[in-house]
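Colleague: One structure coming up, written as structure tokens, with questions to follow.
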There are 2 protein chains.
Amino acid sequence: MFSKIAIIGVGLLGGSVGLAVRRTWSACRVVGIGRNATTLETAKQIGAVHEFSLSITDGTAGCELIVVCTPVGSIAEHVILAAEGAKPQAKHTAQTVSPIITDVGSTKQWICETLEKRFPLANNCRFLGGHPIAGSEKNGVAAASETLFNNRAVVLTPTASTFPETTKALRRFWESLGANVICLNAEEHDRLLARTSHLPHAVSAALAKISDYKIYGELCGSGFQSVSRLAAGSPEIWLDIFLSNRDALLSSLNDFDQSCRQLRNALENNDASAILQFLNDARKNVSPL
Amino acid sequence: MFSKIAIIGVGLLGGSVGLAVRRTWSACRVVGIGRNATTLETAKQIGAVHEFSLSITDGTAGCELIVVCTPVGSIAEHVILAAEGAKPQAKHTAQTVSPIITDVGSTKQWICETLEKRFPLANNCRFLGGHPIAGSEKNGVAAASETLFNNRAVVLTPTASTFPETTKALRRFWESLGANVICLNAEEHDRLLARTSHLPHAVSAALAKISDYKIYGELCGSGFQSVSRLAAGSPEIWLDIFLSNRDALLSSLNDFDQSCRQLRNALENNDASAILQFLNDARKNVSPL
């Protein structure tokens, strides 16, 4: 499918892309790119990459697919650098294929709009935004897994300037790694993800903020841990996500505030039937266990 | 330790008590008591009880320990009925021991105060409130596990009228099932559990209330599931818990509202350093993964 791909940022997601690619496409050469040689050495040792580079422009040379897995705030810049480096090194049998660049960023509108303004990218590269709905509160390549994308959704966000064959190629790529591909426009993606991902993270952090585990300790059961564990995620990564999807997140937080207020009112009024109705409505909305 | 015990309400917790007792004290006879013969038959088949009864006063006859595992709103009434049934049937070698009645209710102040007003209980029974910090969003005896209490805290809430030997006996009992016993007064228990258990449940329900899984479907990742899954718990059980710990829960919800407001303000002001500080503070408070 691709004979050589580069992964920029080899953490949980980037490392998992590398492991899944190598399991699925054993002939494909995988280059890891990052700032930290120790991390990249670990990625090589666990088999996520064949080789690595500390330079985006060096590492992407000759790559047909480049997956940018850095934090949301750095992605646009890294895509531009990757395009500059992605000089074709070998001719394909039929034709020279334009390198494809994609990303795994949790927000899409800001990234896609920033990059559209920079089109065309160097070396005839084609960018298409992506977002696998897969992850963990764990960070780093040590937590990477070749099955991370199995049966998970990957959203692609084509725009009016996206070539259909780019979408088709990336769809095939993610499906080959076990994922289900969904196409959405970037704004719609961000509005939906504010509700399904960024709001739960904010709620988890807001709970953790007022709950010192060292004080409450053994009285924290599995319920507390389940709600608060997201707050263990990287603050820097989530800062980028929150800032780049601020309006949609604020709107979701507002809806959530109304929901909390409804429950508080029912409690303040000692209104058993309203509380029961609230809990029943909530239960109906929960994903099948 | 006890030659015969009764469990009133053989669901997740009651069934787990039965399984753990039978694993630990093979000579102890376990009687299950409930309203539903089919459920009790299941409990017998999975080995949680030796026999069962549909009557509290019949089933508790001759029992030295009675563990009430019904919803919070029914516990006080079931303790009183259990005491009436708990007539000693056989003499111990040294002396006739007063039967002990305990419970596993998630709130303690209302139950303990209600029962103190009814002391002394029939047949010289002694009541001491208990609460294992163990559970799941799963319900029913089919989810019961003999290891549910392993390394989990069990809170006992002795009052001025509790006999020290009752506390000692129940401490030994729960420790023999693998738990760590903590003694707190009932009010303190309820205030702390509002924060560590009832607030997370309310937050989970408030999120689920506005998040229809059928609409958001595949875009709900593991973070969403982690925060919202508590809302799958039984609405009836949680209604009782919320109503019996209303003031402490409202106070916790108020603290949580302030925490959300702080994050919203930082977002509204586009204040990156305040958001980062918030996320870092939250992360520090989270239990070790």
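Here, A, B, ... name the chains of the structure tokens in the order displayed, residue numbers run from 1 inside each chain, and ligands are numbered from 1 in the same displayed order.
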Could you list, as a ChimeraX atom specification, the residues of chain A having an atom within 6 Å of chain B when counting only C-alpha atoms?

Modeller: /A:133,153,196-197,200,205-206,208-209,212-213,218,220-221,224,226-227,231-232,235,259-260,279-283,285-287

Colleague: Write out the residues from the selection above, keeping C-alpha atoms, as a CSV table (one decimal), in the first residue's frame.

Modeller:
```csv
chain,number,residue,atom,x,y,z
A,133,ILE,CA,-11.2,7.8,18.5
A,153,ALA,CA,-13.7,4.9,14.7
A,196,THR,CA,-18.1,13.0,23.5
A,197,SER,CA,-14.5,13.6,24.5
A,200,PRO,CA,-15.9,14.2,29.7
A,205,ALA,CA,-10.6,17.3,35.7
A,206,ALA,CA,-13.2,19.4,37.5
A,208,ALA,CA,-10.3,15.6,40.4
A,209,LYS,CA,-9.5,19.3,41.1
A,212,ASP,CA,-7.4,15.0,46.8
A,213,TYR,CA,-6.8,11.2,46.7
A,218,GLU,CA,-9.4,4.3,50.6
A,220,CYS,CA,-12.5,6.4,46.8
A,221,GLY,CA,-14.1,3.4,45.2
A,224,PHE,CA,-14.5,7.7,41.8
A,226,SER,CA,-13.7,5.8,36.7
A,227,VAL,CA,-14.8,9.4,36.6
A,231,ALA,CA,-7.6,13.9,34.6
A,232,ALA,CA,-4.3,11.9,34.7
A,235,PRO,CA,-2.1,18.7,30.8
A,259,SER,CA,-28.0,19.2,33.5
A,260,CYS,CA,-26.3,19.5,36.9
A,279,LEU,CA,-31.5,8.9,36.8
A,280,ASN,CA,-33.6,6.9,34.5
A,281,ASP,CA,-33.1,9.3,31.6
A,282,ALA,CA,-29.4,9.2,32.2
A,283,ARG,CA,-29.3,5.5,32.3
A,285,ASN,CA,-28.5,7.3,27.3
A,286,VAL,CA,-25.5,5.3,28.5
A,287,SER,CA,-23.6,3.1,26.1
```

Colleague: Among region 87-208 of chain A, which ones does DSSP place in strand (DSSP E), written as a ChimeraX atom specification?

Modeller: /A:100-103,126-132,153-157,180-183

Colleague: Filtering to N, CA and C atoms, could you give me those residues as a PDB file, in the first residue's frame?

Modeller:
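Saved result, result.pdb, follows:
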```pdb
ATOM      1  N   ILE A 100       1.089  11.642   0.850  1.00  0.00           N
ATOM      2  CA  ILE A 100      -0.079  12.033   1.649  1.00  0.00           C
ATOM      3  C   ILE A 100       0.389  12.331   3.068  1.00  0.00           C
ATOM      4  N   ILE A 101      -0.111  13.438   3.600  1.00  0.00           N
ATOM      5  CA  ILE A 101       0.164  13.757   5.006  1.00  0.00           C
ATOM      6  C   ILE A 101      -1.162  13.773   5.748  1.00  0.00           C
ATOM      7  N   THR A 102      -1.210  13.118   6.876  1.00  0.00           N
ATOM      8  CA  THR A 102      -2.414  13.156   7.712  1.00  0.00           C
ATOM      9  C   THR A 102      -1.982  13.355   9.159  1.00  0.00           C
ATOM     10  N   ASP A 103      -2.953  13.451  10.048  1.00  0.00           N
ATOM     11  CA  ASP A 103      -2.623  13.641  11.460  1.00  0.00           C
ATOM     12  C   ASP A 103      -3.607  12.848  12.312  1.00  0.00           C
ATOM     13  N   ARG A 126      -0.307  16.099  -0.298  1.00  0.00           N
ATOM     14  CA  ARG A 126      -1.740  16.287  -0.048  1.00  0.00           C
ATOM     15  C   ARG A 126      -2.048  16.031   1.415  1.00  0.00           C
ATOM     16  N   PHE A 127      -2.719  16.988   2.041  1.00  0.00           N
ATOM     17  CA  PHE A 127      -3.058  16.831   3.453  1.00  0.00           C
ATOM     18  C   PHE A 127      -4.530  16.498   3.610  1.00  0.00           C
ATOM     19  N   LEU A 128      -4.793  15.579   4.510  1.00  0.00           N
ATOM     20  CA  LEU A 128      -6.177  15.272   4.903  1.00  0.00           C
ATOM     21  C   LEU A 128      -6.177  15.004   6.403  1.00  0.00           C
ATOM     22  N   GLY A 129      -6.983  15.753   7.130  1.00  0.00           N
ATOM     23  CA  GLY A 129      -7.041  15.617   8.592  1.00  0.00           C
ATOM     24  C   GLY A 129      -7.667  14.298   9.013  1.00  0.00           C
ATOM     25  N   GLY A 130      -7.179  13.751  10.108  1.00  0.00           N
ATOM     26  CA  GLY A 130      -7.724  12.507  10.643  1.00  0.00           C
ATOM     27  C   GLY A 130      -7.765  12.533  12.155  1.00  0.00           C
ATOM     28  N   HIS A 131      -8.594  11.681  12.736  1.00  0.00           N
ATOM     29  CA  HIS A 131      -8.664  11.576  14.196  1.00  0.00           C
ATOM     30  C   HIS A 131      -9.181  10.204  14.616  1.00  0.00           C
ATOM     31  N   PRO A 132      -8.283   9.329  15.061  1.00  0.00           N
ATOM     32  CA  PRO A 132      -8.739   8.041  15.592  1.00  0.00           C
ATOM     33  C   PRO A 132      -9.352   8.243  16.981  1.00  0.00           C
ATOM     34  N   ALA A 153     -13.430   3.972  15.747  1.00  0.00           N
ATOM     35  CA  ALA A 153     -13.710   4.897  14.653  1.00  0.00           C
ATOM     36  C   ALA A 153     -12.488   5.757  14.382  1.00  0.00           C
ATOM     37  N   VAL A 154     -12.233   6.017  13.094  1.00  0.00           N
ATOM     38  CA  VAL A 154     -11.269   7.044  12.697  1.00  0.00           C
ATOM     39  C   VAL A 154     -12.046   8.042  11.831  1.00  0.00           C
ATOM     40  N   VAL A 155     -12.047   9.306  12.270  1.00  0.00           N
ATOM     41  CA  VAL A 155     -12.743  10.335  11.505  1.00  0.00           C
ATOM     42  C   VAL A 155     -11.761  10.969  10.525  1.00  0.00           C
ATOM     43  N   LEU A 156     -12.157  11.087   9.260  1.00  0.00           N
ATOM     44  CA  LEU A 156     -11.400  11.865   8.277  1.00  0.00           C
ATOM     45  C   LEU A 156     -12.230  13.107   7.957  1.00  0.00           C
ATOM     46  N   THR A 157     -11.538  14.227   7.759  1.00  0.00           N
ATOM     47  CA  THR A 157     -12.267  15.478   7.546  1.00  0.00           C
ATOM     48  C   THR A 157     -11.877  16.125   6.213  1.00  0.00           C
ATOM     49  N   ASN A 180     -12.835   1.674  11.758  1.00  0.00           N
ATOM     50  CA  ASN A 180     -14.006   2.030  10.952  1.00  0.00           C
ATOM     51  C   ASN A 180     -13.894   3.505  10.600  1.00  0.00           C
ATOM     52  N   VAL A 181     -13.874   3.825   9.328  1.00  0.00           N
ATOM     53  CA  VAL A 181     -13.646   5.215   8.917  1.00  0.00           C
ATOM     54  C   VAL A 181     -14.974   5.950   8.723  1.00  0.00           C
ATOM     55  N   ILE A 182     -15.037   7.158   9.278  1.00  0.00           N
ATOM     56  CA  ILE A 182     -16.201   8.039   9.153  1.00  0.00           C
ATOM     57  C   ILE A 182     -15.699   9.354   8.566  1.00  0.00           C
ATOM     58  N   CYS A 183     -16.387   9.907   7.561  1.00  0.00           N
ATOM     59  CA  CYS A 183     -16.015  11.235   7.060  1.00  0.00           C
ATOM     60  C   CYS A 183     -16.977  12.289   7.601  1.00  0.00           C
TER      61      CYS A 183
END
```

Colleague: Excluding Ala61 (chain B) and any residue of its chain fewer than 3 positions from it, enumerate the residues within 7 Å of it, using only C-alpha atoms, and give them as JSON, numbers by chain.

Modeller: {"B": [57, 58, 85, 86, 87, 88]}

Colleague: Just the selected residues (N, CA and C atoms), exported as a PDB file, in the first residue's frame, please.

Modeller:
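Result file follows (out.pdb):
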```pdb
ATOM      1  N   THR B  57     -38.260 -12.951  59.121  1.00  0.00           N
ATOM      2  CA  THR B  57     -38.352 -13.483  60.490  1.00  0.00           C
ATOM      3  C   THR B  57     -38.102 -14.996  60.520  1.00  0.00           C
ATOM      4  N   ASP B  58     -38.512 -15.720  59.485  1.00  0.00           N
ATOM      5  CA  ASP B  58     -38.198 -17.163  59.438  1.00  0.00           C
ATOM      6  C   ASP B  58     -36.704 -17.393  59.156  1.00  0.00           C
ATOM      7  N   GLY B  85     -36.739 -11.911  64.268  1.00  0.00           N
ATOM      8  CA  GLY B  85     -36.615 -13.319  63.879  1.00  0.00           C
ATOM      9  C   GLY B  85     -35.435 -14.035  64.513  1.00  0.00           C
ATOM     10  N   ALA B  86     -34.459 -13.274  64.994  1.00  0.00           N
ATOM     11  CA  ALA B  86     -33.167 -13.873  65.363  1.00  0.00           C
ATOM     12  C   ALA B  86     -33.169 -14.526  66.741  1.00  0.00           C
ATOM     13  N   LYS B  87     -34.093 -15.428  66.940  1.00  0.00           N
ATOM     14  CA  LYS B  87     -34.141 -16.152  68.224  1.00  0.00           C
ATOM     15  C   LYS B  87     -33.009 -17.173  68.262  1.00  0.00           C
ATOM     16  N   PRO B  88     -32.255 -17.199  69.356  1.00  0.00           N
ATOM     17  CA  PRO B  88     -31.186 -18.208  69.450  1.00  0.00           C
ATOM     18  C   PRO B  88     -31.791 -19.604  69.400  1.00  0.00           C
TER      19      PRO B  88
END
```

Colleague: List as a list in words the protein and nucleic acid residues near Asn36 (chain B), meaning an atom at most 12 Å away when only C-alpha atoms are counted, but skip any in the same chain fewer than 5 places from it.

Modeller: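 Counting only C-alpha atoms, the residues come to Ile8, Gly9, Val10, Gly11, Glu41, Thr42, Ala43, Phe52, Ser53, Leu54, Ser55, Gly140 and Val141 of chain B.
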
Colleague: With only C-alpha atoms as the atoms that count, which of B:Ala248, B:Ile56, B:Ile75, B:Val21 lies nearest to Glu188 (chain B)?

Modeller: B:Ala248
